[in-house]
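The data block below is my_file.cif; it holds mmCIF, C-alpha atoms.
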data_protein
#
loop_
_atom_site.label_atom_id
_atom_site.label_comp_id
_atom_site.auth_asym_id
_atom_site.auth_seq_id
_atom_site.Cartn_x
_atom_site.Cartn_y
_atom_site.Cartn_z
CA MET A 964 -14.11 79.07 154.69
CA PRO A 965 -17.11 77.34 156.33
CA ARG A 966 -18.29 74.02 155.00
CA SER A 967 -21.70 73.21 153.56
CA VAL A 968 -24.18 70.90 155.28
CA TYR A 969 -23.99 68.69 152.19
CA GLY A 970 -20.45 67.51 152.62
CA SER A 971 -17.09 69.10 152.28
CA ARG A 972 -18.06 71.67 149.64
CA PRO A 973 -16.83 75.09 150.80
CA VAL A 974 -19.41 77.83 151.41
CA PRO A 975 -18.45 81.29 150.13
CA ARG A 976 -18.08 84.02 152.74
CA SER A 977 -20.53 86.18 150.83
CA ALA A 978 -23.17 83.44 151.23
CA GLU A 979 -22.56 83.42 154.98
CA SER A 980 -22.90 87.22 154.98
CA ALA A 981 -26.17 87.01 153.03
CA LYS A 982 -27.51 84.42 155.45
CA ILE A 983 -26.72 86.63 158.44
CA LEU A 984 -28.19 89.75 156.78
CA ILE A 985 -31.44 87.96 155.94
CA LEU A 986 -31.63 86.52 159.46
CA ILE A 987 -31.17 89.97 161.04
CA GLY A 988 -33.91 91.33 158.76
CA LEU A 989 -36.19 88.49 159.89
CA VAL A 990 -35.47 89.18 163.55
CA LEU A 991 -36.20 92.89 163.11
CA GLN A 992 -39.50 92.08 161.45
CA ALA A 993 -40.37 89.64 164.24
CA ILE A 994 -39.71 92.41 166.77
CA GLU A 995 -41.98 94.70 164.76
CA VAL A 996 -44.76 92.08 164.83
CA GLY A 997 -44.25 91.69 168.58
CA VAL A 998 -44.67 95.44 169.05
CA LEU A 999 -47.82 95.30 166.93
CA VAL A 1000 -49.19 92.53 169.17
CA VAL A 1001 -48.65 94.69 172.25
CA VAL A 1002 -50.25 97.70 170.55
CA GLY A 1003 -53.09 95.46 169.35
CA LEU A 1004 -53.77 94.30 172.88
CA LEU A 1005 -53.93 97.90 174.05
CA LEU A 1006 -56.23 98.93 171.18
CA PHE A 1007 -58.39 95.80 171.33
CA LEU A 1008 -61.21 97.75 172.97
CA VAL A 1009 -61.40 100.24 170.09
CA PRO A 1010 -63.06 98.23 167.29
CA PHE A 1011 -61.61 99.92 164.19
CA PHE A 1012 -58.03 100.22 165.42
CA GLY A 1013 -58.06 96.69 166.83
CA ILE A 1014 -59.09 95.27 163.46
CA VAL A 1015 -56.45 97.29 161.57
CA VAL A 1016 -53.70 96.22 163.97
CA GLY A 1017 -54.94 92.60 163.79
CA ILE A 1018 -54.66 92.67 159.99
CA LEU A 1019 -51.15 94.13 160.24
CA ILE A 1020 -50.15 91.37 162.68
CA ALA A 1021 -51.48 88.66 160.35
CA PHE A 1022 -49.68 90.25 157.39
CA GLY A 1023 -46.45 90.46 159.42
CA VAL A 1024 -46.57 86.80 160.44
CA VAL A 1025 -47.23 85.67 156.85
CA TRP A 1026 -44.39 87.94 155.67
CA ILE A 1027 -41.93 86.40 158.15
CA VAL A 1028 -42.89 82.88 157.07
CA LEU A 1029 -42.46 83.77 153.38
CA VAL A 1030 -39.04 85.36 153.92
CA TYR A 1031 -37.95 82.34 155.94
CA LEU A 1032 -39.13 79.81 153.34
CA PHE A 1033 -38.06 81.55 150.13
CA SER A 1034 -34.92 83.42 151.18
CA TYR A 1035 -33.31 82.29 154.43
CA ARG A 1036 -33.92 78.56 154.11
CA ARG A 1037 -32.71 78.49 150.51
CA VAL A 1038 -29.48 80.25 151.49
CA VAL A 1039 -28.94 77.76 154.32
CA GLU A 1040 -29.47 74.90 151.84
CA GLY A 1041 -26.97 76.42 149.39
CA ASP A 1042 -29.51 77.44 146.71
CA TYR A 1043 -28.13 80.94 146.18
CA THR A 1044 -29.70 81.36 142.74
CA GLY A 1045 -33.13 80.35 144.04
CA ALA A 1046 -32.86 82.69 147.04
CA ARG A 1047 -31.67 85.70 145.08
CA GLY A 1048 -34.93 86.67 143.34
CA PRO A 1049 -37.18 86.41 146.40
CA THR A 1050 -34.64 88.31 148.50
CA LEU A 1051 -34.73 91.19 146.01
CA VAL A 1052 -38.55 91.21 146.04
CA PHE A 1053 -38.66 91.13 149.85
CA GLY A 1054 -36.13 93.96 150.00
CA ILE A 1055 -38.11 96.19 147.66
CA LEU A 1056 -41.45 95.42 149.33
CA SER A 1057 -39.93 96.03 152.76
CA LEU A 1058 -38.74 99.45 151.64
CA LEU A 1059 -42.18 100.24 150.20
CA THR A 1060 -43.88 99.27 153.48
CA LEU A 1061 -41.46 101.48 155.46
CA ASN A 1062 -39.45 98.61 156.93
CA LEU A 1063 -36.34 100.51 155.93
CA ILE A 1064 -33.71 98.63 157.90
CA SER A 1065 -35.03 95.19 156.95
CA GLY A 1066 -35.37 96.29 153.32
CA ILE A 1067 -31.80 97.53 153.18
CA LEU A 1068 -30.57 94.32 154.81
CA TYR A 1069 -32.43 92.21 152.25
CA LEU A 1070 -31.05 94.27 149.36
CA VAL A 1071 -27.48 93.95 150.63
CA GLY A 1072 -28.16 90.21 151.11
CA TYR A 1073 -29.33 90.10 147.48
CA ALA A 1074 -26.02 91.63 146.37
CA GLU A 1075 -24.06 89.18 148.53
CA LEU A 1076 -25.96 86.26 146.98
CA GLY A 1077 -24.87 87.49 143.55
CA THR A 1078 -21.27 87.49 144.76
CA ALA A 1079 -21.75 83.98 146.16
CA GLU A 1080 -23.05 82.78 142.80
CA GLN A 1081 -19.96 84.17 141.10
CA GLU A 1082 -17.65 82.62 143.69
CA MET A 1083 -19.32 79.25 143.32
CA GLY A 1084 -19.06 79.41 139.54
CA ARG A 1085 -15.49 80.64 139.26
CA SER A 1086 -13.14 80.24 142.13
CA ILE A 1087 -14.21 77.34 144.29
CA PRO A 1088 -13.43 73.98 142.74
CA ALA A 1089 -15.40 70.87 143.49
CA PRO A 1090 -13.68 68.70 146.11
CA PRO A 1091 -12.17 65.40 144.98
CA GLY A 1092 -14.87 62.84 144.34
CA TYR A 1093 -17.54 65.40 143.39
CA PRO A 1094 -18.51 66.09 139.79
CA ALA A 1095 -17.60 69.50 138.34
CA THR A 1096 -21.25 70.58 138.43
CA TRP A 1097 -21.78 69.81 142.08
CA SER A 1098 -25.23 69.44 143.57
CA PRO A 1099 -26.35 68.05 146.94
CA ALA A 1100 -28.04 65.07 145.29
CA ALA A 1101 -25.06 64.17 143.09
CA PRO A 1102 -23.52 60.81 143.95
CA LEU A 1103 -19.87 60.63 144.87
CA ALA A 1104 -17.64 59.48 142.05
CA ALA A 1105 -14.72 57.15 142.56
CA SER A 1106 -11.78 59.26 143.59
CA ALA A 1107 -8.66 58.81 141.46
CA PRO A 1108 -5.31 60.07 142.70
CA SER A 1109 -3.83 63.01 140.85
CA PRO A 1110 -0.78 62.30 138.66
CA GLN A 1111 1.15 65.00 140.56
CA GLY A 1112 0.28 63.51 143.97
CA PRO A 1113 -2.48 64.25 146.44
CA VAL A 1114 -4.25 67.59 146.19
CA ARG A 1115 -5.13 69.69 149.24
CA TYR A 1116 -7.51 72.63 149.35
CA CYS A 1117 -6.69 75.97 150.95
CA PRO A 1118 -8.76 76.52 154.10
CA ARG A 1119 -9.07 80.25 153.29
CA CYS A 1120 -9.94 80.42 149.57
CA GLY A 1121 -10.75 76.78 148.72
CA ARG A 1122 -8.40 76.53 145.74
CA PRO A 1123 -6.33 73.38 145.14
CA ASN A 1124 -2.71 73.32 146.32
CA ALA A 1125 0.08 70.81 145.86
CA ALA A 1126 0.65 68.53 148.83
CA GLY A 1127 4.06 69.97 149.76
CA SER A 1128 3.26 73.67 149.47
CA ARG A 1129 3.65 75.82 152.58
CA PHE A 1130 1.59 78.75 151.25
CA CYS A 1131 -1.42 78.95 148.94
CA PRO A 1132 -0.36 80.23 145.49
CA SER A 1133 -3.72 82.04 145.10
CA CYS A 1134 -4.19 83.90 148.38
CA GLY A 1135 -0.86 83.40 150.20
CA ALA A 1136 -2.37 81.84 153.32
CA PRO A 1137 -0.13 79.44 155.24
CA GLN A 1138 -1.12 75.82 154.67
CA PRO A 1139 -1.51 73.32 157.52
#

Can the structure in the file be given as structure tokens, please?
Amino acid sequence: MPRSVYGSRPVPRSAESAKILILIGLVLQAIEVGVLVVVGLLLFLVPFFGIVVGILIAFGVVWIVLVYLFSYRRVVEGDYTGARGPTLVFGILSLLTLNLISGILYLVGYAELGTAEQEMGRSIPAPPGYPATWSPAAPLAASAPSPQGPVRYCPRCGRPNAAGSRFCPSCGAPQP
């Protein structure tokens, strides 16, 4: 499981999937804006069409910036709850404006963010030294050894394992 930029907190696979889906949607929309720029340059001599294409280009650039700020960047920072609502809105609006592939990618990303929220709430414990309600700004607490000995975390599922275990009791992955 990949690690967060804020320390050793594991990042759910569904969050990584959502990040990639949103990024692909952004790239596809950037390609669409690039095509509109080329078409706009060709239609620049025709006043009405040049203005319409210019407005579409401006709208496309603003759209890309909004998706980046409110969806992609929040997912990268680990704010899955904050990214979920805007990703749904961007998905629906993309579908309504006939950006079908980007809209579908955003909607699947929305679903993956919901899964990431569930994984963060249920199955991924806070690493030793972090409070149970972990946040990037939370200070590290003094780490006390466990009465049963040191605790290791499974590299696949992130659940705690006893120090001497060869396999994770939750997912069965071999332990290093």

(message) If I take CA of Arg1119 in chain A and CA of Tyr1035 in chain A, how far is one from the other in Å, to one decimal?
(response)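 These atoms are spaced 24.4 Å apart.
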
(message) Report, in Å with one decimal, the straight-line distance from CA of Glu1082 in chain A to CA of Leu1056 in chain A.
(response) 27.6 Å

(message) So the first atom is CA of Val1039 in chain A and the second is CA of Ala981 in chain A; what is the distance between them in Å, to one decimal place?
(response)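 CA of Ala981 in chain A lies at a distance of 9.7 Å from CA of Val1039 in chain A.
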
(request) Determine the residue set returned by the PyMOL selection byres ((chain A and resi 993) around 12) for the present structure, and present it as JSON, numbers by chain. (result) {"A": [986, 987, 988, 989, 990, 991, 992, 994, 995, 996, 997, 998, 999, 1000, 1020, 1021, 1022, 1023, 1024, 1025, 1026, 1027, 1028, 1030, 1031, 1062, 1065]}

(request) Kindly indicate which residue among A:Ala978, A:Leu1029, A:Val1009, A:Leu1019 lies nearest to Gly1072 in chain A, using only C-alpha atoms for the distances. (result)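 For Gly1072 in chain A, the nearest of the given residues is A:Ala978.
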
(request) Within 12 Å of Val1052 in chain A, counting only C-alpha atoms, which residues show up once you throw out same-chain ones fewer than 5 positions away? Write them as a PyMOL selection string, please. (result) chain A and resi 1026+1029-1030+1033-1034+1046-1047+1057-1059+1066-1067+1069-1070+1072-1073

For those residues, write C-alpha atoms to a file as a PDB file, keeping the file's coordinate frame.
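Saved as selection-v4.pdb:
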ATOM      1  CA  TRP A1026     -44.390  87.940 155.670  1.00  0.00           C
ATOM      2  CA  LEU A1029     -42.460  83.770 153.380  1.00  0.00           C
ATOM      3  CA  VAL A1030     -39.040  85.360 153.920  1.00  0.00           C
ATOM      4  CA  PHE A1033     -38.060  81.550 150.130  1.00  0.00           C
ATOM      5  CA  SER A1034     -34.920  83.420 151.180  1.00  0.00           C
ATOM      6  CA  ALA A1046     -32.860  82.690 147.040  1.00  0.00           C
ATOM      7  CA  ARG A1047     -31.670  85.700 145.080  1.00  0.00           C
ATOM      8  CA  SER A1057     -39.930  96.030 152.760  1.00  0.00           C
ATOM      9  CA  LEU A1058     -38.740  99.450 151.640  1.00  0.00           C
ATOM     10  CA  LEU A1059     -42.180 100.240 150.200  1.00  0.00           C
ATOM     11  CA  GLY A1066     -35.370  96.290 153.320  1.00  0.00           C
ATOM     12  CA  ILE A1067     -31.800  97.530 153.180  1.00  0.00           C
ATOM     13  CA  TYR A1069     -32.430  92.210 152.250  1.00  0.00           C
ATOM     14  CA  LEU A1070     -31.050  94.270 149.360  1.00  0.00           C
ATOM     15  CA  GLY A1072     -28.160  90.210 151.110  1.00  0.00           C
ATOM     16  CA  TYR A1073     -29.330  90.100 147.480  1.00  0.00           C
TER      17      TYR A1073
END

(request) Determine the residue set returned by the PyMOL selection byres ((chain A and resi 1134) around 10) for the present structure, and present it as a PyMOL selection string. (result) chain A and resi 1117+1119-1122+1130-1133+1135-1137

(request) Determine the nearest neighbour of Ile985 in chain A from the options A:Ile1018, A:Leu1061, A:Ala1126, A:Val1038, counting all atoms listed in the file. (result)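 Of all the options, A:Val1038 lies closest to Ile985 in chain A.
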